[in-house]
Amino acid sequence: MEMYLCFDVGGTNLKSAIITNEGTIIIKRSVSTQTEKGVTGVIHQFQEIRDVLCRKLAIDAKEIHAVSVGIPGFVEMEKGFVTRAINLGWENVSIADMVTDALDYPVFIINDANAAALGEMWKGAGNGHEQMVCLTLGTGVGGGVIANGHIINGTHGLAGEIGHSCVRMKGGRPCNCGKKGCLETEASASAIGYYGEQAARNGQSTILAKKWQETGEITSKDVAEAASQGDSAAQKVLDTAAYYLGLALANMYTITAPSRIVIGGGAAAAGDLLFAPVRKWFDYFVFADVKGTDLIVPAALGNDAGIIGLAKLADMKYTSSSMSNL
Ligand SMILES: [Zn+2]
């Protein structure tokens with residue numbers, strides 16, 4: 001049995017786990033990411049976490065076979081190089097070499113949304129599907145595209161960024177990638193909350209207006225709740241987000257023709273209130289004989305998708321590198 005040490009580095013939380021080559025999480029831990037201390041500060045956290053986890057399991061650090069790291073940004077997987085990770089403040093960092101120097105393991109890196117896609121393919125809603133697309137609707141829209149069982153990484157690690165596909169040619173809101181009209185600014189959980197708040201401010205929804213007065217903000221969960229109570233403005237917000245998701249996914253379909261499209265993240269908790277219109281609009285835009293009904297499904301692993309995908313990455317890479325050394 002191989003054991004892998006996995007780090008899912010977020011702008012706020014640094015999640016970690018030791019996971020077997022069969023995908024069993026043996027132990028996991030979450031701490032605040034010390035982004036203010038830069039790359040070396042985060043690597044120092046890796047060392048501390050490794051020591052704590054090994055001590056708790058009463059294992060020797062040498063029993064870990066490889067390390068994998070998920071990063072929210074543009075990642076060149078083969079080079080072990082981060083082009084840019086805005087939320088971490090990292091730019092042009094040879095992170096894999098630095099972690100190997102500090103911890104002395106083979107180190108593999110991947111974009112965090114791509115890790116979630118691998119996790120869902122291995123143990124979640126994409127199980128058995130080697131052609132797969134995964135979207136995570138959170139603060140942003142994370143994307144992962146899997147072809148023949150492998151993540152498509154592209155030039156400079158820019159592939160699979162479905163969240164930045166342009167869905168509004170006019171009038172879109174500015175995205176933090178520097179463009180306007182991205183899927184992310186129309187269909188992320190934050191975007192659904194934003195448009196829900198607009199409906200509250202404009203007096204289009206009494207339910208949302210009441211919520212907004214109570215809490216001072218509207219979340220995607222509030223919009224889903226209002227929609228489930230029959231609020232037409234909230235239903236319209238979800239339908240509009242679904243329209244853009246359906247459009248982006250239908251265009252995506254023409255490139256890789258996935259046999260499964262998995263949607264996760266906070267906004268996916270709306271369930272059929274979101275999935276029914278996403279499938280409707282996907283069917284509207286895609287080839288006539290393709291149907292979103294069985295193709296588009298909710299993610300199954302929740303918050304563990306990324307960390308499980310990191311173990312899958314480590315296992316794929318570690319196994320292939322040990323084979324080539326034979
Ligand atoms: Zn963008």
# chains A, B, ... in the order shown; residues from 1 in each chain; ligands from 1
>>> residues_near_ligand(ligand="ligand 1", cutoff="8 Å", atoms="only C-alpha atoms and all ligand atoms", output="list in words")
Gly163, His164, Ser165, Cys166, Pro174, Cys175, Asn176, Cys177, Gly178, Lys179, Lys180, Gly181, Cys182, Leu183, Glu184 and Thr185 of chain A
>>> write_last_selection(atoms="C-alpha atoms", output="mmCIF file, in the first residue's frame")
data_model
loop_
_atom_site.group_PDB
_atom_site.id
_atom_site.type_symbol
_atom_site.label_atom_id
_atom_site.label_comp_id
_atom_site.auth_asym_id
_atom_site.auth_seq_id
_atom_site.Cartn_x
_atom_site.Cartn_y
_atom_site.Cartn_z
ATOM 1 C CA GLY A 163 -14.839 29.894 -15.780
ATOM 2 C CA HIS A 164 -13.147 32.421 -18.034
ATOM 3 C CA SER A 165 -14.871 31.458 -21.242
ATOM 4 C CA CYS A 166 -16.691 34.501 -22.565
ATOM 5 C CA PRO A 174 -15.351 42.873 -14.799
ATOM 6 C CA CYS A 175 -13.719 39.561 -13.863
ATOM 7 C CA ASN A 176 -10.534 39.297 -11.811
ATOM 8 C CA CYS A 177 -8.799 37.806 -14.872
ATOM 9 C CA GLY A 178 -8.948 41.315 -16.386
ATOM 10 C CA LYS A 179 -11.714 40.604 -18.915
ATOM 11 C CA LYS A 180 -15.471 41.153 -18.890
ATOM 12 C CA GLY A 181 -18.344 38.781 -19.498
ATOM 13 C CA CYS A 182 -16.703 35.596 -18.148
ATOM 14 C CA LEU A 183 -18.837 32.637 -17.029
ATOM 15 C CA GLU A 184 -17.408 33.232 -13.552
ATOM 16 C CA THR A 185 -19.041 36.654 -13.196
#
>>> closest_atom_pairs(of="region 107-146 of chain A", to="region 212-236 of chain A", cutoff="12 Å", atoms="only C-alpha atoms", output="Markdown table")
| residue | atom | partner | partner_atom | distance |
| --- | --- | --- | --- | --- |
| A:Leu137 | CA | A:Ser220 | CA | 10.0 |
| A:Gly138 | CA | A:Ser220 | CA | 9.4 |
| A:Thr139 | CA | A:Ser220 | CA | 10.3 |
>>> write_last_selection(atoms="all heavy atoms", output="compact mmCIF listing (two decimals), in the first residue's frame")
# COMPACT_ATOMS: atom_id res chain seq x y z
N LEU A 137 -18.72 25.63 -8.73
CA LEU A 137 -19.34 26.95 -8.63
C LEU A 137 -19.21 27.48 -7.21
O LEU A 137 -20.04 27.18 -6.35
CB LEU A 137 -20.82 26.88 -9.02
CG LEU A 137 -21.16 26.15 -10.33
CD1 LEU A 137 -22.67 26.16 -10.57
CD2 LEU A 137 -20.43 26.79 -11.51
N GLY A 138 -18.12 28.21 -6.96
CA GLY A 138 -17.89 28.78 -5.64
C GLY A 138 -17.73 30.27 -5.76
O GLY A 138 -18.51 30.92 -6.46
N THR A 139 -16.71 30.83 -5.10
CA THR A 139 -16.41 32.25 -5.24
C THR A 139 -16.16 32.56 -6.72
O THR A 139 -16.58 33.59 -7.23
CB THR A 139 -15.14 32.61 -4.43
OG1 THR A 139 -15.28 32.03 -3.14
CG2 THR A 139 -14.97 34.10 -4.32
>>> atom_distance(atom1="CA of Cys54 (chain A)", atom2="CA of Ala116 (chain A)")
24.7 Å
>>> select_by_dssp(residues="region 40-136 of chain A", states="strand (DSSP E or B)", output="PyMOL selection string")
chain A and resi 66-71+74-76+81-85+90-93+107-111+132-136
>>> write_last_selection(atoms="N, CA, C and O atoms", output="short mmCIF file (atom, residue, chain, number, x, y, z; two decimals), in the first residue's frame")
data_model
loop_
_atom_site.label_atom_id
_atom_site.label_comp_id
_atom_site.auth_asym_id
_atom_site.auth_seq_id
_atom_site.Cartn_x
_atom_site.Cartn_y
_atom_site.Cartn_z
N ALA A 66 4.93 9.94 -1.80
CA ALA A 66 5.01 11.13 -2.66
C ALA A 66 4.10 12.21 -2.08
O ALA A 66 3.22 11.92 -1.24
N VAL A 67 4.32 13.43 -2.55
CA VAL A 67 3.52 14.58 -2.10
C VAL A 67 2.84 15.18 -3.31
O VAL A 67 3.44 15.27 -4.39
N SER A 68 1.58 15.58 -3.14
CA SER A 68 0.97 16.36 -4.24
C SER A 68 0.32 17.61 -3.65
O SER A 68 -0.15 17.61 -2.52
N VAL A 69 0.35 18.67 -4.46
CA VAL A 69 -0.07 19.98 -4.00
C VAL A 69 -1.07 20.57 -4.99
O VAL A 69 -0.79 20.65 -6.20
N GLY A 70 -2.23 20.99 -4.50
CA GLY A 70 -3.24 21.66 -5.32
C GLY A 70 -3.14 23.16 -5.09
O GLY A 70 -3.06 23.61 -3.95
N ILE A 71 -3.16 23.93 -6.17
CA ILE A 71 -2.92 25.37 -6.09
C ILE A 71 -3.99 26.12 -6.88
O ILE A 71 -4.29 25.76 -8.03
N PHE A 74 -2.70 29.21 -12.18
CA PHE A 74 -2.22 28.57 -13.41
C PHE A 74 -0.99 27.73 -13.07
O PHE A 74 0.01 28.25 -12.59
N VAL A 75 -1.10 26.43 -13.35
CA VAL A 75 -0.08 25.48 -12.93
C VAL A 75 0.43 24.71 -14.14
O VAL A 75 -0.36 24.10 -14.85
N GLU A 76 1.74 24.74 -14.38
CA GLU A 76 2.32 23.89 -15.41
C GLU A 76 2.73 22.59 -14.73
O GLU A 76 3.76 22.51 -14.06
N PHE A 81 5.61 24.02 -12.05
CA PHE A 81 5.80 25.48 -12.03
C PHE A 81 4.46 26.20 -11.95
O PHE A 81 3.52 25.88 -12.67
N VAL A 82 4.37 27.18 -11.05
CA VAL A 82 3.16 28.00 -10.95
C VAL A 82 3.38 29.30 -11.71
O VAL A 82 4.27 30.09 -11.36
N THR A 83 2.61 29.51 -12.75
CA THR A 83 2.73 30.76 -13.51
C THR A 83 2.18 31.91 -12.68
O THR A 83 2.82 32.94 -12.53
N ARG A 84 0.98 31.68 -12.13
CA ARG A 84 0.37 32.73 -11.32
C ARG A 84 -0.73 32.17 -10.43
O ARG A 84 -1.57 31.41 -10.89
N ALA A 85 -0.70 32.53 -9.16
CA ALA A 85 -1.78 32.18 -8.23
C ALA A 85 -2.13 33.46 -7.47
O ALA A 85 -1.48 33.80 -6.48
N TRP A 90 1.45 34.37 -5.54
CA TRP A 90 2.61 33.66 -6.12
C TRP A 90 2.69 33.95 -7.62
O TRP A 90 1.68 33.94 -8.31
N GLU A 91 3.88 34.15 -8.11
CA GLU A 91 4.07 34.32 -9.54
C GLU A 91 5.41 33.69 -9.95
O GLU A 91 6.44 33.95 -9.33
N ASN A 92 5.37 32.89 -11.01
CA ASN A 92 6.57 32.24 -11.53
C ASN A 92 7.40 31.55 -10.43
O ASN A 92 8.53 31.93 -10.15
N VAL A 93 6.78 30.55 -9.82
CA VAL A 93 7.43 29.83 -8.72
C VAL A 93 7.65 28.36 -9.10
O VAL A 93 6.71 27.68 -9.50
N VAL A 107 7.42 15.31 -5.83
CA VAL A 107 6.32 16.25 -5.63
C VAL A 107 5.61 16.53 -6.95
O VAL A 107 6.26 16.79 -7.97
N PHE A 108 4.28 16.43 -6.92
CA PHE A 108 3.48 16.68 -8.12
C PHE A 108 2.50 17.79 -7.82
O PHE A 108 1.93 17.84 -6.72
N ILE A 109 2.27 18.68 -8.79
CA ILE A 109 1.37 19.81 -8.53
C ILE A 109 0.27 19.90 -9.59
O ILE A 109 0.41 19.39 -10.71
N ILE A 110 -0.80 20.56 -9.22
CA ILE A 110 -1.98 20.63 -10.09
C ILE A 110 -2.85 21.82 -9.67
O ILE A 110 -2.82 22.22 -8.49
N ASN A 111 -3.59 22.37 -10.59
CA ASN A 111 -4.58 23.40 -10.27
C ASN A 111 -5.66 22.78 -9.37
O ASN A 111 -6.03 21.62 -9.54
N MET A 132 -14.34 13.65 -19.29
CA MET A 132 -15.16 14.30 -18.28
C MET A 132 -14.84 15.77 -18.16
O MET A 132 -13.72 16.19 -18.40
N VAL A 133 -15.86 16.54 -17.81
CA VAL A 133 -15.67 17.95 -17.51
C VAL A 133 -16.22 18.18 -16.11
O VAL A 133 -17.25 17.62 -15.75
N CYS A 134 -15.50 18.97 -15.32
CA CYS A 134 -15.96 19.25 -13.96
C CYS A 134 -15.94 20.76 -13.72
O CYS A 134 -14.98 21.43 -14.05
N LEU A 135 -17.04 21.27 -13.19
CA LEU A 135 -17.13 22.69 -12.84
C LEU A 135 -17.37 22.82 -11.34
O LEU A 135 -18.15 22.07 -10.78
N THR A 136 -16.72 23.80 -10.72
CA THR A 136 -16.96 24.07 -9.30
C THR A 136 -17.47 25.50 -9.17
O THR A 136 -16.76 26.45 -9.50
#
>>> closest_residue(among="A:Ala17, A:Ile27, A:Ala267, A:Ala117", to="Gly193 (chain A)", atoms="only C-alpha atoms")
A:Ala267
>>> closest_residue(among="A:Pro277, A:Gly306, A:Gly140, A:Gly11", to="Gly38 (chain A)", atoms="only C-alpha atoms")
A:Gly11
>>> select_by_dssp(residues="region 13-111 of chain A", states="helix (DSSP H, G or I)", output="PyMOL selection string")
chain A and resi 35-57+61-63+86-88+95-103
>>> write_last_selection(atoms="N, CA and C atoms", output="tab-separated table (two decimals), in the first residue's frame")
chain	number	residue	atom	x	y	z
A	35	THR	N	-0.49	32.95	3.98
A	35	THR	CA	-0.09	33.52	2.68
A	35	THR	C	0.85	34.71	2.86
A	36	GLU	N	0.71	35.42	4.01
A	36	GLU	CA	1.52	36.63	4.22
A	36	GLU	C	3.01	36.31	4.31
A	37	LYS	N	3.34	35.05	4.59
A	37	LYS	CA	4.76	34.68	4.71
A	37	LYS	C	5.34	34.18	3.38
A	38	GLY	N	4.54	34.28	2.33
A	38	GLY	CA	5.05	33.92	1.00
A	38	GLY	C	5.19	32.42	0.81
A	39	VAL	N	5.84	32.04	-0.28
A	39	VAL	CA	5.97	30.63	-0.64
A	39	VAL	C	6.72	29.85	0.44
A	40	THR	N	7.82	30.42	0.93
A	40	THR	CA	8.62	29.67	1.92
A	40	THR	C	7.84	29.46	3.21
A	41	GLY	N	6.99	30.43	3.57
A	41	GLY	CA	6.15	30.28	4.76
A	41	GLY	C	5.20	29.12	4.61
A	42	VAL	N	4.58	28.98	3.43
A	42	VAL	CA	3.64	27.89	3.18
A	42	VAL	C	4.38	26.55	3.17
A	43	ILE	N	5.58	26.52	2.60
A	43	ILE	CA	6.35	25.27	2.59
A	43	ILE	C	6.75	24.88	4.02
A	44	HIS	N	7.03	25.88	4.83
A	44	HIS	CA	7.33	25.60	6.24
A	44	HIS	C	6.09	24.98	6.92
A	45	GLN	N	4.90	25.47	6.55
A	45	GLN	CA	3.67	24.86	7.08
A	45	GLN	C	3.56	23.40	6.65
A	46	PHE	N	3.94	23.11	5.40
A	46	PHE	CA	3.92	21.72	4.90
A	46	PHE	C	4.75	20.82	5.82
A	47	GLN	N	5.95	21.31	6.17
A	47	GLN	CA	6.85	20.50	7.02
A	47	GLN	C	6.20	20.24	8.39
A	48	GLU	N	5.65	21.30	8.96
A	48	GLU	CA	5.01	21.16	10.28
A	48	GLU	C	3.85	20.18	10.22
A	49	ILE	N	3.02	20.32	9.18
A	49	ILE	CA	1.85	19.45	9.04
A	49	ILE	C	2.29	18.00	8.85
A	50	ARG	N	3.29	17.79	8.00
A	50	ARG	CA	3.81	16.44	7.78
A	50	ARG	C	4.22	15.80	9.13
A	51	ASP	N	4.95	16.58	9.94
A	51	ASP	CA	5.41	16.05	11.23
A	51	ASP	C	4.25	15.73	12.16
A	52	VAL	N	3.25	16.62	12.19
A	52	VAL	CA	2.09	16.40	13.06
A	52	VAL	C	1.32	15.15	12.62
A	53	LEU	N	1.05	15.03	11.32
A	53	LEU	CA	0.26	13.89	10.82
A	53	LEU	C	0.99	12.57	11.05
A	54	CYS	N	2.30	12.56	10.81
A	54	CYS	CA	3.08	11.33	11.02
A	54	CYS	C	3.09	10.95	12.49
A	55	ARG	N	3.24	11.96	13.36
A	55	ARG	CA	3.25	11.68	14.80
A	55	ARG	C	1.91	11.08	15.23
A	56	LYS	N	0.82	11.69	14.74
A	56	LYS	CA	-0.52	11.21	15.12
A	56	LYS	C	-0.76	9.77	14.66
A	57	LEU	N	-0.23	9.44	13.50
A	57	LEU	CA	-0.44	8.09	12.95
A	57	LEU	C	0.62	7.12	13.45
A	61	ALA	N	8.15	9.37	8.62
A	61	ALA	CA	7.96	10.22	7.45
A	61	ALA	C	8.38	9.51	6.15
A	62	LYS	N	9.31	8.56	6.29
A	62	LYS	CA	9.80	7.83	5.10
A	62	LYS	C	8.74	6.89	4.53
A	63	GLU	N	7.70	6.61	5.31
A	63	GLU	CA	6.63	5.72	4.81
A	63	GLU	C	5.72	6.40	3.80
A	86	ILE	N	-3.14	34.16	-7.97
A	86	ILE	CA	-3.45	35.51	-7.46
A	86	ILE	C	-3.74	35.51	-5.96
A	87	ASN	N	-4.62	34.57	-5.51
A	87	ASN	CA	-5.02	34.57	-4.10
A	87	ASN	C	-3.87	34.26	-3.15
A	88	LEU	N	-2.82	33.63	-3.66
A	88	LEU	CA	-1.67	33.32	-2.81
A	88	LEU	C	-0.57	34.37	-2.96
A	95	ILE	N	7.57	25.60	-7.64
A	95	ILE	CA	7.12	25.11	-6.34
A	95	ILE	C	7.49	23.64	-6.11
A	96	ALA	N	7.40	22.80	-7.15
A	96	ALA	CA	7.67	21.36	-6.94
A	96	ALA	C	9.11	21.14	-6.47
A	97	ASP	N	10.07	21.82	-7.10
A	97	ASP	CA	11.47	21.68	-6.69
A	97	ASP	C	11.67	22.18	-5.26
A	98	MET	N	11.02	23.29	-4.94
A	98	MET	CA	11.18	23.85	-3.59
A	98	MET	C	10.64	22.91	-2.52
A	99	VAL	N	9.50	22.28	-2.82
A	99	VAL	CA	8.92	21.35	-1.83
A	99	VAL	C	9.77	20.08	-1.73
A	100	THR	N	10.29	19.62	-2.87
A	100	THR	CA	11.19	18.45	-2.84
A	100	THR	C	12.42	18.75	-1.99
A	101	ASP	N	13.01	19.93	-2.17
A	101	ASP	CA	14.18	20.32	-1.37
A	101	ASP	C	13.86	20.31	0.12
A	102	ALA	N	12.68	20.79	0.46
A	102	ALA	CA	12.33	20.93	1.88
A	102	ALA	C	11.88	19.61	2.51
A	103	LEU	N	11.16	18.77	1.76
A	103	LEU	CA	10.57	17.58	2.36
A	103	LEU	C	11.16	16.26	1.88
>>> residues_around(residues="His65 (chain A)", least_positions_apart="2", cutoff="8 Å", atoms="only C-alpha atoms", output="ChimeraX atom specification")
/A:2-5,62-63,67,105-106,318
>>> write_last_selection(atoms="all heavy atoms", output="compact mmCIF listing (two decimals), in the first residue's frame")
# COMPACT_ATOMS: atom_id res chain seq x y z
N GLU A 2 0.59 2.15 -0.93
CA GLU A 2 1.30 3.44 -0.93
C GLU A 2 0.51 4.47 -0.14
O GLU A 2 -0.72 4.42 -0.09
CB GLU A 2 1.49 3.95 -2.36
CG GLU A 2 2.74 3.43 -3.03
CD GLU A 2 2.51 2.11 -3.73
OE1 GLU A 2 1.38 1.91 -4.25
OE2 GLU A 2 3.42 1.28 -3.75
N MET A 3 1.26 5.41 0.45
CA MET A 3 0.61 6.52 1.15
C MET A 3 1.11 7.84 0.55
O MET A 3 2.31 8.00 0.31
CB MET A 3 0.95 6.49 2.64
CG MET A 3 0.15 5.46 3.41
SD MET A 3 0.31 5.70 5.19
CE MET A 3 1.97 5.13 5.46
N TYR A 4 0.15 8.74 0.32
CA TYR A 4 0.51 10.04 -0.26
C TYR A 4 0.10 11.16 0.69
O TYR A 4 -0.97 11.10 1.31
CB TYR A 4 -0.19 10.21 -1.61
CG TYR A 4 0.12 9.10 -2.57
CD1 TYR A 4 -0.87 8.22 -3.01
CD2 TYR A 4 1.43 8.90 -3.02
CE1 TYR A 4 -0.58 7.17 -3.89
CE2 TYR A 4 1.73 7.86 -3.89
CZ TYR A 4 0.73 7.00 -4.32
OH TYR A 4 1.04 5.98 -5.17
N LEU A 5 0.96 12.17 0.75
CA LEU A 5 0.68 13.35 1.56
C LEU A 5 0.19 14.45 0.62
O LEU A 5 0.89 14.82 -0.33
CB LEU A 5 1.96 13.79 2.29
CG LEU A 5 1.93 15.09 3.08
CD1 LEU A 5 0.86 15.06 4.17
CD2 LEU A 5 3.32 15.32 3.72
N LYS A 62 9.31 8.56 6.29
CA LYS A 62 9.80 7.83 5.10
C LYS A 62 8.74 6.89 4.53
O LYS A 62 8.86 6.41 3.41
CB LYS A 62 11.04 7.01 5.46
CG LYS A 62 12.26 7.87 5.76
CD LYS A 62 13.54 7.01 5.67
CE LYS A 62 14.77 7.82 6.01
NZ LYS A 62 14.95 7.96 7.48
N GLU A 63 7.70 6.61 5.31
CA GLU A 63 6.63 5.72 4.81
C GLU A 63 5.72 6.40 3.80
O GLU A 63 4.91 5.75 3.14
CB GLU A 63 5.81 5.17 5.98
CG GLU A 63 6.62 4.23 6.88
CD GLU A 63 5.81 3.72 8.05
OE1 GLU A 63 4.72 3.18 7.82
OE2 GLU A 63 6.28 3.87 9.20
N VAL A 67 4.32 13.43 -2.55
CA VAL A 67 3.52 14.58 -2.10
C VAL A 67 2.84 15.18 -3.31
O VAL A 67 3.44 15.27 -4.39
CB VAL A 67 4.44 15.63 -1.43
CG1 VAL A 67 3.72 16.97 -1.27
CG2 VAL A 67 4.93 15.14 -0.08
N TYR A 105 10.64 14.40 -1.03
CA TYR A 105 9.75 13.42 -1.69
C TYR A 105 9.62 13.81 -3.16
O TYR A 105 9.86 14.98 -3.51
CB TYR A 105 8.32 13.48 -1.12
CG TYR A 105 8.19 13.19 0.35
CD1 TYR A 105 7.92 14.22 1.24
CD2 TYR A 105 8.30 11.89 0.83
CE1 TYR A 105 7.77 13.96 2.60
CE2 TYR A 105 8.16 11.63 2.18
CZ TYR A 105 7.90 12.66 3.06
OH TYR A 105 7.76 12.41 4.39
N PRO A 106 9.19 12.88 -4.01
CA PRO A 106 8.72 13.31 -5.33
C PRO A 106 7.49 14.19 -5.13
O PRO A 106 6.63 13.85 -4.30
CB PRO A 106 8.33 12.00 -6.03
CG PRO A 106 8.85 10.90 -5.18
CD PRO A 106 9.04 11.43 -3.80
N TYR A 318 3.33 8.79 -9.46
CA TYR A 318 4.31 7.98 -8.72
C TYR A 318 4.43 6.60 -9.36
O TYR A 318 5.52 6.09 -9.57
CB TYR A 318 3.88 7.87 -7.26
CG TYR A 318 4.83 7.04 -6.43
CD1 TYR A 318 6.06 7.56 -6.04
CD2 TYR A 318 4.50 5.73 -6.07
CE1 TYR A 318 6.94 6.79 -5.30
CE2 TYR A 318 5.39 4.96 -5.34
CZ TYR A 318 6.60 5.50 -4.95
OH TYR A 318 7.48 4.72 -4.24
>>> atom_distance(atom1="CA of Arg29 (chain A)", atom2="CA of Ser94 (chain A)")
25.1 Å
>>> closest_residue(among="A:Ala270, A:Leu238, A:Ile162, A:Leu208", to="Met252 (chain A)", atoms="only C-alpha atoms")
A:Ile162
>>> residues_around(residues="Gly23 (chain A)", least_positions_apart="6", cutoff="8 Å", atoms="only C-alpha atoms", output="mmCIF file with all heavy atoms, in the first residue's frame")
data_model
loop_
_atom_site.group_PDB
_atom_site.id
_atom_site.type_symbol
_atom_site.label_atom_id
_atom_site.label_comp_id
_atom_site.auth_asym_id
_atom_site.auth_seq_id
_atom_site.Cartn_x
_atom_site.Cartn_y
_atom_site.Cartn_z
ATOM 1 N N LYS A 123 -13.386 8.725 -7.612
ATOM 2 C CA LYS A 123 -14.228 8.191 -6.528
ATOM 3 C C LYS A 123 -15.610 8.842 -6.455
ATOM 4 O O LYS A 123 -16.366 8.575 -5.529
ATOM 5 C CB LYS A 123 -13.525 8.429 -5.177
ATOM 6 C CG LYS A 123 -12.210 7.710 -5.021
ATOM 7 C CD LYS A 123 -12.425 6.219 -4.833
ATOM 8 C CE LYS A 123 -11.107 5.471 -4.814
ATOM 9 N NZ LYS A 123 -11.322 4.011 -4.813
ATOM 10 N N ILE A 308 -8.886 14.208 -2.545
ATOM 11 C CA ILE A 308 -8.890 12.843 -3.111
ATOM 12 C C ILE A 308 -8.265 12.848 -4.507
ATOM 13 O O ILE A 308 -7.497 11.959 -4.876
ATOM 14 C CB ILE A 308 -10.322 12.261 -3.102
ATOM 15 C CG1 ILE A 308 -10.724 11.956 -1.656
ATOM 16 C CG2 ILE A 308 -10.424 11.004 -3.958
ATOM 17 C CD1 ILE A 308 -12.147 11.500 -1.462
ATOM 18 N N ALA A 311 -4.553 12.760 -4.320
ATOM 19 C CA ALA A 311 -4.029 11.405 -4.129
ATOM 20 C C ALA A 311 -4.005 10.648 -5.455
ATOM 21 O O ALA A 311 -3.071 9.902 -5.749
ATOM 22 C CB ALA A 311 -4.861 10.656 -3.102
ATOM 23 N N LYS A 312 -5.031 10.868 -6.280
ATOM 24 C CA LYS A 312 -5.067 10.211 -7.599
ATOM 25 C C LYS A 312 -3.905 10.686 -8.465
ATOM 26 O O LYS A 312 -3.234 9.884 -9.127
ATOM 27 C CB LYS A 312 -6.410 10.523 -8.289
ATOM 28 C CG LYS A 312 -6.548 9.946 -9.688
ATOM 29 C CD LYS A 312 -6.511 8.427 -9.679
ATOM 30 C CE LYS A 312 -6.720 7.845 -11.074
ATOM 31 N NZ LYS A 312 -6.448 6.392 -11.082
#
